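Asker: Got structure_11.txt for you, compact mmCIF, C-alpha atoms:
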# COMPACT_ATOMS: atom_id res chain seq x y z
CA MET A 1 -2.43 -33.82 -24.76
CA LEU A 2 0.43 -33.32 -22.39
CA GLY A 3 0.79 -30.86 -19.56
CA ASP A 4 -1.89 -28.73 -17.99
CA LEU A 5 -5.29 -27.96 -19.42
CA THR A 6 -5.48 -24.88 -21.61
CA ASP A 7 -8.02 -22.13 -21.07
CA ARG A 8 -9.92 -23.51 -24.07
CA ASP A 9 -9.92 -27.01 -22.53
CA ARG A 10 -11.31 -25.67 -19.27
CA ALA A 11 -13.93 -23.63 -21.15
CA ILE A 12 -15.06 -26.73 -23.07
CA LEU A 13 -15.40 -28.73 -19.86
CA ALA A 14 -17.20 -25.86 -18.14
CA LEU A 15 -19.71 -25.53 -20.97
CA GLU A 16 -20.34 -29.26 -20.98
CA ALA A 17 -20.74 -29.36 -17.19
CA ALA A 18 -23.11 -26.38 -17.16
CA TRP A 19 -25.17 -27.34 -20.19
CA PRO A 20 -28.08 -29.19 -18.49
CA ARG A 21 -28.79 -26.03 -16.50
CA HIS A 22 -29.12 -23.88 -19.61
CA GLY A 23 -32.01 -23.67 -22.01
CA GLY A 24 -31.84 -22.97 -25.70
CA SER A 25 -29.62 -24.27 -28.41
CA LYS A 26 -26.39 -25.90 -27.35
CA GLU A 27 -24.95 -25.31 -30.81
CA GLU A 28 -25.56 -21.57 -30.47
CA ALA A 29 -23.97 -21.57 -27.01
CA ILE A 30 -20.90 -23.32 -28.43
CA ARG A 31 -20.60 -20.76 -31.21
CA SER A 32 -21.17 -17.70 -29.01
CA THR A 33 -19.20 -18.82 -25.95
CA LEU A 34 -16.28 -20.62 -27.55
CA GLY A 35 -16.26 -19.21 -31.08
CA MET A 36 -16.07 -22.60 -32.78
CA SER A 37 -18.34 -24.87 -34.73
CA PRO A 38 -20.22 -27.60 -32.89
CA ALA A 39 -18.36 -30.23 -34.95
CA ARG A 40 -15.00 -28.87 -33.76
CA TYR A 41 -16.28 -28.65 -30.19
CA TYR A 42 -17.30 -32.30 -30.11
CA GLN A 43 -14.04 -33.34 -31.76
CA LEU A 44 -12.03 -31.51 -29.09
CA LEU A 45 -14.29 -32.73 -26.28
CA GLY A 46 -13.85 -36.34 -27.40
CA ARG A 47 -10.09 -36.01 -27.28
CA LEU A 48 -10.15 -34.03 -24.07
CA ILE A 49 -12.09 -36.59 -22.04
CA ASP A 50 -9.40 -39.17 -22.82
CA THR A 51 -6.77 -37.14 -20.96
CA GLU A 52 -5.70 -37.59 -17.37
CA GLN A 53 -5.65 -33.80 -16.97
CA ALA A 54 -9.36 -33.56 -17.75
CA LEU A 55 -10.10 -36.47 -15.41
CA GLU A 56 -8.22 -34.75 -12.60
CA HIS A 57 -9.95 -31.42 -13.35
CA ASP A 58 -13.53 -32.77 -13.25
CA PRO A 59 -13.66 -36.50 -12.56
CA LEU A 60 -17.45 -36.79 -12.33
CA LEU A 61 -18.05 -35.04 -15.64
CA VAL A 62 -15.30 -36.88 -17.51
CA ARG A 63 -16.38 -40.29 -16.22
CA ARG A 64 -20.01 -39.54 -17.15
CA LEU A 65 -19.01 -38.45 -20.65
CA ARG A 66 -16.84 -41.54 -21.10
CA ARG A 67 -19.74 -43.78 -20.02
CA LEU A 68 -22.09 -42.05 -22.45
CA ARG A 69 -19.61 -42.47 -25.28
CA GLU A 70 -19.15 -46.17 -24.50
CA HIS A 71 -22.93 -46.69 -24.30
CA ARG A 72 -23.44 -45.04 -27.69
CA ALA A 73 -20.66 -47.15 -29.21
CA ASP A 74 -22.29 -50.29 -27.80
CA GLN A 75 -25.62 -49.24 -29.32
CA ARG A 76 -24.01 -48.73 -32.73
CA ILE A 77 -22.40 -52.18 -32.57
CA ALA A 78 -25.71 -53.76 -31.59
CA ARG A 79 -27.49 -52.07 -34.51
CA MET A 80 -24.80 -53.24 -36.91
CA ARG A 81 -25.13 -56.82 -35.65
CA GLY A 82 -28.89 -56.58 -36.18
CA PHE A 83 -28.36 -55.70 -39.85
CA ALA A 84 -25.84 -58.52 -40.33
CA GLY A 85 -28.62 -60.89 -39.59
Could I get this file's structure written as structure tokens?

Answerer:
Amino acid sequence: MLGDLTDRDRAILALEAAWPRHGGSKEEAIRSTLGMSPARYYQLLGRLIDTEQALEHDPLLVRRLRRLREHRADQRIARMRGFAG
């Protein structure tokens, strides 16, 4: 992604930043707030947090999401190594 964040990009980051404060279904919030499927949301979020624009917009959120993604990837690798035996 080049250039500035789009309104959709900012809305995705805002929903992700605000989510812990909200109750209920995150999937429903994604559908009602952004008008997209949860799968599409997570696809866009994954790409978005790799951009410098997102990092500049909300560095704490983006760094936290990157750490979570790396931790989950490390867990998957460890599970795969456990099966390799």

Asker: Mind giving me the straight-line distance from CA of Leu65 (chain A) to CA of Arg79 (chain A) in Å, one decimal?

Answerer: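 Atom-to-atom, CA of Leu65 (chain A) and CA of Arg79 (chain A) are spaced 21.2 Å apart.
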
Asker: Could you jot down the CA of Arg64 (chain A) to CA of Ile49 (chain A) separation for me, Å, one decimal place?

Answerer: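 If I compute the distance from CA of Arg64 (chain A) to CA of Ile49 (chain A), I get 9.8 Å.
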
Asker: Could you check which of A:Arg40, A:Met80, A:Ala14, A:Asp7 is closest to Val62 (chain A), using all atoms listed in the file?

Answerer: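 Of the candidates, the smallest distance to Val62 (chain A) is held by A:Ala14.
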
Asker: With distances taken over all atoms listed in the file, which residue among A:Leu5, A:Ala11, A:Leu60, A:Ile77 lies nearest Gly35 (chain A)?

Answerer: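 For Gly35 (chain A), the nearest of the given residues is A:Ala11.
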
Asker: What does the distance between CA of Gly24 (chain A) and CA of Asp9 (chain A) come to in Å, to one decimal place?

Answerer: 22.5 Å

Asker: Which one of A:Ala54, A:Leu68, A:Ala39, A:Ile30 sits closest to Thr6 (chain A) if you count all atoms listed in the file?

Answerer: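 Among A:Ala54, A:Leu68, A:Ala39, A:Ile30, it is A:Ala54 that comes nearest to Thr6 (chain A).
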
Asker: Can you pull out the residues contacting Tyr41 (chain A)? Cut-off 12 Å, using all atoms listed in the file, and skip same-chain residues under 6 positions away; I want them as a list in words.

Answerer: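 Selected residues are Arg8, Asp9, Ala11, Ile12, Leu13, Leu15, Glu16, Lys26, Glu27, Glu28, Ala29, Ile30, Arg31, Thr33, Leu34, Gly35, Arg47 and Leu48 of chain A.
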
Asker: Select, from A:Ala78, A:Met36, A:Leu61, A:Ala73, the residue with the minimum atom-to-atom distance to Ala17 (chain A), counting all atoms listed in the file.

Answerer: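 Distance minimum relative to Ala17 (chain A) lands on A:Leu61.
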
Asker: From the options A:Asp4, A:Ser25, A:Pro59, A:Glu70, which residue's atoms come nearest to Gly46 (chain A), counting only C-alpha atoms?

Answerer: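 Going through A:Asp4, A:Ser25, A:Pro59, A:Glu70 one by one, the smallest distance to Gly46 (chain A) is for A:Glu70.
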